[in-house]
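Okay, structure first, notes after.
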Amino acid sequence: MTIIVTYLLVFMAGPLLYWALVRQDPDAGHFARLAALVIALIGVAYLVPLGAGEAWQTWEYFGVVILLVLWLAWIAVAAMCVLAVRRRIDKGPALRGAVALGAIATTLPWFGLHLAQMVAQ
């Protein structure tokens, strides 16, 4: 059941969140907000294990929460890359290709998880 939820999260929620971030205007303000979001998410992923007590670190899903936060940062970075392309290219197949590649990039952690499970077995 967990693998199905993870699959749906990665292949449905990730690209939808990415799409919502990419649809914004590619102005400097939105880019700066995304950069601040990425820095904050990475900071959370780094500081939470340091500040978490023993009870939290033994929680079954502690690592999953950290991976989820890093995955959200990954989606924001993919959106930032596509917004940078959108600032240079207004329309056309190159822009559509960049948006599609960014959406595909949001699913890359799934393949990393699958590869890790294959190696562990």
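Naming scheme: A, B, ... for chains in displayed order of the structure tokens; residues 1 onward per chain; ligands 1 onward as shown.
Every protein or nucleic acid residue with an atom no more than 12 Å from segment 92-99 of chain A, counting only C-alpha atoms and leaving out same-chain residues fewer than 3 positions away, appears here: Pro15, Tyr18, Trp19, Ala20, Leu21, Val22, Arg23, Ala78, Ala79, Met80, Cys81, Val82, Leu83, Ala84, Val85, Arg86, Arg87, Arg88, Ile89, Gly102, Ala103, Ile104, Ala105 and Thr106 of chain A.
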Can you write out the residues you just picked, keeping N, CA, C and O atoms, as a CSV table (one decimal), in the first residue's frame?
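Full text of again.csv as output:
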```
chain,number,residue,atom,x,y,z
A,15,PRO,N,4.1,16.5,-10.3
A,15,PRO,CA,3.9,17.3,-11.5
A,15,PRO,C,2.8,18.4,-11.4
A,15,PRO,O,3.0,19.5,-12.0
A,18,TYR,N,4.5,21.2,-9.5
A,18,TYR,CA,5.4,21.8,-10.5
A,18,TYR,C,4.7,22.7,-11.5
A,18,TYR,O,5.1,23.8,-11.7
A,19,TRP,N,3.6,22.2,-12.0
A,19,TRP,CA,2.8,23.0,-13.0
A,19,TRP,C,2.3,24.3,-12.4
A,19,TRP,O,2.3,25.3,-13.0
A,20,ALA,N,1.8,24.2,-11.1
A,20,ALA,CA,1.3,25.4,-10.5
A,20,ALA,C,2.5,26.4,-10.3
A,20,ALA,O,2.2,27.6,-10.4
A,21,LEU,N,3.6,26.0,-10.0
A,21,LEU,CA,4.8,26.9,-9.8
A,21,LEU,C,5.2,27.5,-11.1
A,21,LEU,O,5.6,28.6,-11.2
A,22,VAL,N,5.2,26.7,-12.2
A,22,VAL,CA,5.7,27.2,-13.5
A,22,VAL,C,4.7,28.1,-14.1
A,22,VAL,O,5.1,29.0,-14.9
A,23,ARG,N,3.4,28.0,-13.8
A,23,ARG,CA,2.4,28.9,-14.4
A,23,ARG,C,2.5,30.3,-14.0
A,23,ARG,O,1.9,31.2,-14.6
A,78,ALA,N,13.4,22.6,-10.0
A,78,ALA,CA,13.0,22.3,-11.4
A,78,ALA,C,12.1,23.4,-11.9
A,78,ALA,O,12.3,23.9,-13.1
A,79,ALA,N,11.2,24.0,-11.1
A,79,ALA,CA,10.4,25.1,-11.6
A,79,ALA,C,11.2,26.3,-11.8
A,79,ALA,O,11.0,27.1,-12.7
A,80,MET,N,12.2,26.5,-10.9
A,80,MET,CA,13.1,27.7,-11.1
A,80,MET,C,13.9,27.6,-12.4
A,80,MET,O,14.0,28.6,-13.1
A,81,CYS,N,14.3,26.4,-12.8
A,81,CYS,CA,15.0,26.2,-14.0
A,81,CYS,C,14.2,26.5,-15.2
A,81,CYS,O,14.6,27.2,-16.2
A,82,VAL,N,12.9,26.1,-15.2
A,82,VAL,CA,12.0,26.3,-16.3
A,82,VAL,C,11.6,27.8,-16.3
A,82,VAL,O,11.5,28.4,-17.4
A,83,LEU,N,11.5,28.5,-15.2
A,83,LEU,CA,11.2,29.9,-15.2
A,83,LEU,C,12.3,30.7,-15.8
A,83,LEU,O,12.1,31.7,-16.5
A,84,ALA,N,13.6,30.2,-15.6
A,84,ALA,CA,14.7,30.9,-16.2
A,84,ALA,C,14.7,30.7,-17.7
A,84,ALA,O,15.0,31.7,-18.4
A,85,VAL,N,14.2,29.6,-18.2
A,85,VAL,CA,14.1,29.4,-19.6
A,85,VAL,C,13.0,30.2,-20.1
A,85,VAL,O,13.1,30.9,-21.2
A,86,ARG,N,11.9,30.3,-19.4
A,86,ARG,CA,10.7,31.2,-19.8
A,86,ARG,C,11.1,32.6,-19.9
A,86,ARG,O,10.5,33.4,-20.7
A,87,ARG,N,12.1,33.1,-19.2
A,87,ARG,CA,12.5,34.5,-19.3
A,87,ARG,C,13.2,34.7,-20.6
A,87,ARG,O,13.2,35.9,-21.1
A,88,ARG,N,13.8,33.7,-21.2
A,88,ARG,CA,14.5,33.9,-22.4
A,88,ARG,C,13.7,33.5,-23.6
A,88,ARG,O,13.8,34.0,-24.7
A,89,ILE,N,12.8,32.5,-23.5
A,89,ILE,CA,12.0,32.0,-24.6
A,89,ILE,C,10.5,32.3,-24.3
A,89,ILE,O,10.0,31.8,-23.3
A,102,GLY,N,10.9,19.5,-17.3
A,102,GLY,CA,10.8,19.8,-15.9
A,102,GLY,C,9.8,19.0,-15.2
A,102,GLY,O,10.0,18.5,-14.0
A,103,ALA,N,8.7,18.7,-15.8
A,103,ALA,CA,7.7,17.8,-15.2
A,103,ALA,C,8.2,16.4,-15.1
A,103,ALA,O,7.9,15.7,-14.1
A,104,ILE,N,8.9,15.9,-16.0
A,104,ILE,CA,9.6,14.6,-15.9
A,104,ILE,C,10.6,14.6,-14.8
A,104,ILE,O,10.7,13.6,-14.1
A,105,ALA,N,11.3,15.7,-14.6
A,105,ALA,CA,12.3,15.7,-13.6
A,105,ALA,C,11.7,15.6,-12.2
A,105,ALA,O,12.4,15.1,-11.3
A,106,THR,N,10.5,16.0,-12.0
A,106,THR,CA,9.9,15.9,-10.7
A,106,THR,C,9.7,14.4,-10.3
A,106,THR,O,9.6,14.1,-9.1
```
Filtered DSSP result for chain A, state alpha helix (DSSP H), as a PDB file with C-alpha atoms, in the first residue's frame:
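As a result, out_9.pdb now contains:
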```pdb
ATOM      1  CA  THR A   2       2.839   2.386   0.820  1.00  0.00           C
ATOM      2  CA  ILE A   3       4.393   1.930  -2.592  1.00  0.00           C
ATOM      3  CA  ILE A   4       1.080   2.799  -4.284  1.00  0.00           C
ATOM      4  CA  VAL A   5       0.686   5.971  -2.224  1.00  0.00           C
ATOM      5  CA  THR A   6       4.282   6.923  -3.006  1.00  0.00           C
ATOM      6  CA  TYR A   7       3.722   6.272  -6.706  1.00  0.00           C
ATOM      7  CA  LEU A   8       0.592   8.427  -6.805  1.00  0.00           C
ATOM      8  CA  GLY A  14       4.644  16.302  -7.940  1.00  0.00           C
ATOM      9  CA  PRO A  15       3.901  17.313 -11.536  1.00  0.00           C
ATOM     10  CA  LEU A  16       0.748  19.176 -10.431  1.00  0.00           C
ATOM     11  CA  LEU A  17       2.706  21.193  -7.879  1.00  0.00           C
ATOM     12  CA  TYR A  18       5.406  21.830 -10.471  1.00  0.00           C
ATOM     13  CA  TRP A  19       2.797  22.965 -12.990  1.00  0.00           C
ATOM     14  CA  ALA A  20       1.327  25.399 -10.462  1.00  0.00           C
ATOM     15  CA  LEU A  21       4.774  26.870  -9.796  1.00  0.00           C
ATOM     16  CA  VAL A  22       5.681  27.158 -13.482  1.00  0.00           C
ATOM     17  CA  ALA A  28      12.415  38.297 -10.540  1.00  0.00           C
ATOM     18  CA  GLY A  29      10.060  38.389  -7.546  1.00  0.00           C
ATOM     19  CA  HIS A  30       8.640  34.931  -8.151  1.00  0.00           C
ATOM     20  CA  PHE A  31      12.108  33.571  -8.851  1.00  0.00           C
ATOM     21  CA  ALA A  32      13.360  35.058  -5.555  1.00  0.00           C
ATOM     22  CA  ARG A  33      10.408  33.575  -3.647  1.00  0.00           C
ATOM     23  CA  LEU A  34      11.139  30.158  -5.116  1.00  0.00           C
ATOM     24  CA  ALA A  35      14.822  30.487  -4.231  1.00  0.00           C
ATOM     25  CA  ALA A  36      13.875  31.418  -0.658  1.00  0.00           C
ATOM     26  CA  LEU A  37      11.508  28.437  -0.532  1.00  0.00           C
ATOM     27  CA  VAL A  38      14.271  26.084  -1.707  1.00  0.00           C
ATOM     28  CA  ILE A  39      16.715  27.439   0.871  1.00  0.00           C
ATOM     29  CA  ALA A  40      14.089  27.150   3.612  1.00  0.00           C
ATOM     30  CA  LEU A  41      13.185  23.568   2.679  1.00  0.00           C
ATOM     31  CA  ILE A  42      16.806  22.487   2.567  1.00  0.00           C
ATOM     32  CA  GLY A  43      17.361  24.229   5.892  1.00  0.00           C
ATOM     33  CA  VAL A  44      14.423  22.365   7.395  1.00  0.00           C
ATOM     34  CA  ALA A  45      15.744  19.054   6.066  1.00  0.00           C
ATOM     35  CA  TYR A  46      19.121  19.810   7.636  1.00  0.00           C
ATOM     36  CA  LEU A  47      18.021  21.319  10.949  1.00  0.00           C
ATOM     37  CA  VAL A  48      15.124  19.033  11.869  1.00  0.00           C
ATOM     38  CA  PRO A  49      17.339  15.977  12.465  1.00  0.00           C
ATOM     39  CA  LEU A  50      19.725  18.114  14.518  1.00  0.00           C
ATOM     40  CA  GLY A  51      16.970  19.555  16.691  1.00  0.00           C
ATOM     41  CA  GLU A  54      15.297  10.962  20.567  1.00  0.00           C
ATOM     42  CA  ALA A  55      11.551  10.306  20.381  1.00  0.00           C
ATOM     43  CA  TRP A  56      11.261  11.974  16.987  1.00  0.00           C
ATOM     44  CA  GLN A  57      14.327  10.284  15.553  1.00  0.00           C
ATOM     45  CA  PHE A  62      11.041  10.469  10.348  1.00  0.00           C
ATOM     46  CA  GLY A  63      13.196   9.740   7.305  1.00  0.00           C
ATOM     47  CA  VAL A  64      10.188   9.880   5.011  1.00  0.00           C
ATOM     48  CA  VAL A  65       9.374  13.394   6.192  1.00  0.00           C
ATOM     49  CA  ILE A  66      12.938  14.520   5.493  1.00  0.00           C
ATOM     50  CA  LEU A  67      12.836  12.943   2.017  1.00  0.00           C
ATOM     51  CA  LEU A  68       9.487  14.607   1.327  1.00  0.00           C
ATOM     52  CA  VAL A  69      10.883  18.019   2.244  1.00  0.00           C
ATOM     53  CA  LEU A  70      13.911  17.467  -0.008  1.00  0.00           C
ATOM     54  CA  TRP A  71      11.638  16.304  -2.828  1.00  0.00           C
ATOM     55  CA  LEU A  72       9.573  19.489  -2.516  1.00  0.00           C
ATOM     56  CA  ALA A  73      12.797  21.482  -2.754  1.00  0.00           C
ATOM     57  CA  TRP A  74      13.685  19.465  -5.872  1.00  0.00           C
ATOM     58  CA  ILE A  75      10.349  20.376  -7.472  1.00  0.00           C
ATOM     59  CA  ALA A  76      10.916  24.053  -6.692  1.00  0.00           C
ATOM     60  CA  VAL A  77      14.407  23.893  -8.258  1.00  0.00           C
ATOM     61  CA  ALA A  78      12.959  22.298 -11.405  1.00  0.00           C
ATOM     62  CA  ALA A  79      10.373  25.087 -11.555  1.00  0.00           C
ATOM     63  CA  MET A  80      13.107  27.698 -11.119  1.00  0.00           C
ATOM     64  CA  CYS A  81      15.042  26.218 -14.039  1.00  0.00           C
ATOM     65  CA  VAL A  82      12.003  26.340 -16.297  1.00  0.00           C
ATOM     66  CA  LEU A  83      11.174  29.881 -15.192  1.00  0.00           C
ATOM     67  CA  ALA A  84      14.710  30.880 -16.194  1.00  0.00           C
ATOM     68  CA  VAL A  85      14.078  29.362 -19.623  1.00  0.00           C
ATOM     69  CA  ARG A  86      10.725  31.158 -19.833  1.00  0.00           C
ATOM     70  CA  ARG A  87      12.475  34.483 -19.261  1.00  0.00           C
ATOM     71  CA  ARG A  88      14.512  33.863 -22.432  1.00  0.00           C
ATOM     72  CA  PRO A  93       8.502  24.062 -29.060  1.00  0.00           C
ATOM     73  CA  ALA A  94      11.641  24.830 -27.027  1.00  0.00           C
ATOM     74  CA  LEU A  95       9.561  26.224 -24.183  1.00  0.00           C
ATOM     75  CA  ARG A  96       7.097  23.331 -24.328  1.00  0.00           C
ATOM     76  CA  GLY A  97      10.016  20.912 -24.275  1.00  0.00           C
ATOM     77  CA  ALA A  98      11.553  22.650 -21.260  1.00  0.00           C
ATOM     78  CA  VAL A  99       8.261  22.539 -19.369  1.00  0.00           C
ATOM     79  CA  ALA A 100       7.823  18.853 -20.216  1.00  0.00           C
ATOM     80  CA  LEU A 101      11.381  17.999 -19.143  1.00  0.00           C
ATOM     81  CA  GLY A 102      10.818  19.826 -15.861  1.00  0.00           C
ATOM     82  CA  ALA A 103       7.663  17.812 -15.231  1.00  0.00           C
ATOM     83  CA  ILE A 104       9.552  14.612 -15.949  1.00  0.00           C
ATOM     84  CA  ALA A 105      12.329  15.728 -13.592  1.00  0.00           C
ATOM     85  CA  LEU A 108      13.230  11.268 -10.809  1.00  0.00           C
ATOM     86  CA  PRO A 109      13.194  10.512  -7.064  1.00  0.00           C
ATOM     87  CA  TRP A 110      10.800   7.630  -7.765  1.00  0.00           C
ATOM     88  CA  PHE A 111      13.414   5.946  -9.912  1.00  0.00           C
ATOM     89  CA  GLY A 112      16.030   6.539  -7.227  1.00  0.00           C
ATOM     90  CA  LEU A 113      13.749   4.907  -4.659  1.00  0.00           C
ATOM     91  CA  HIS A 114      13.111   1.963  -6.970  1.00  0.00           C
ATOM     92  CA  LEU A 115      16.830   1.557  -7.656  1.00  0.00           C
ATOM     93  CA  ALA A 116      17.611   1.662  -3.928  1.00  0.00           C
ATOM     94  CA  GLN A 117      14.992  -1.032  -3.267  1.00  0.00           C
ATOM     95  CA  MET A 118      16.435  -3.210  -6.032  1.00  0.00           C
ATOM     96  CA  VAL A 119      19.957  -2.870  -4.627  1.00  0.00           C
ATOM     97  CA  ALA A 120      18.805  -3.587  -1.075  1.00  0.00           C
TER      98      ALA A 120
END
```
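In this structure, atom CA of Phe11 of chain A sits 27.6 Å away from atom CA of Asp27 of chain A.
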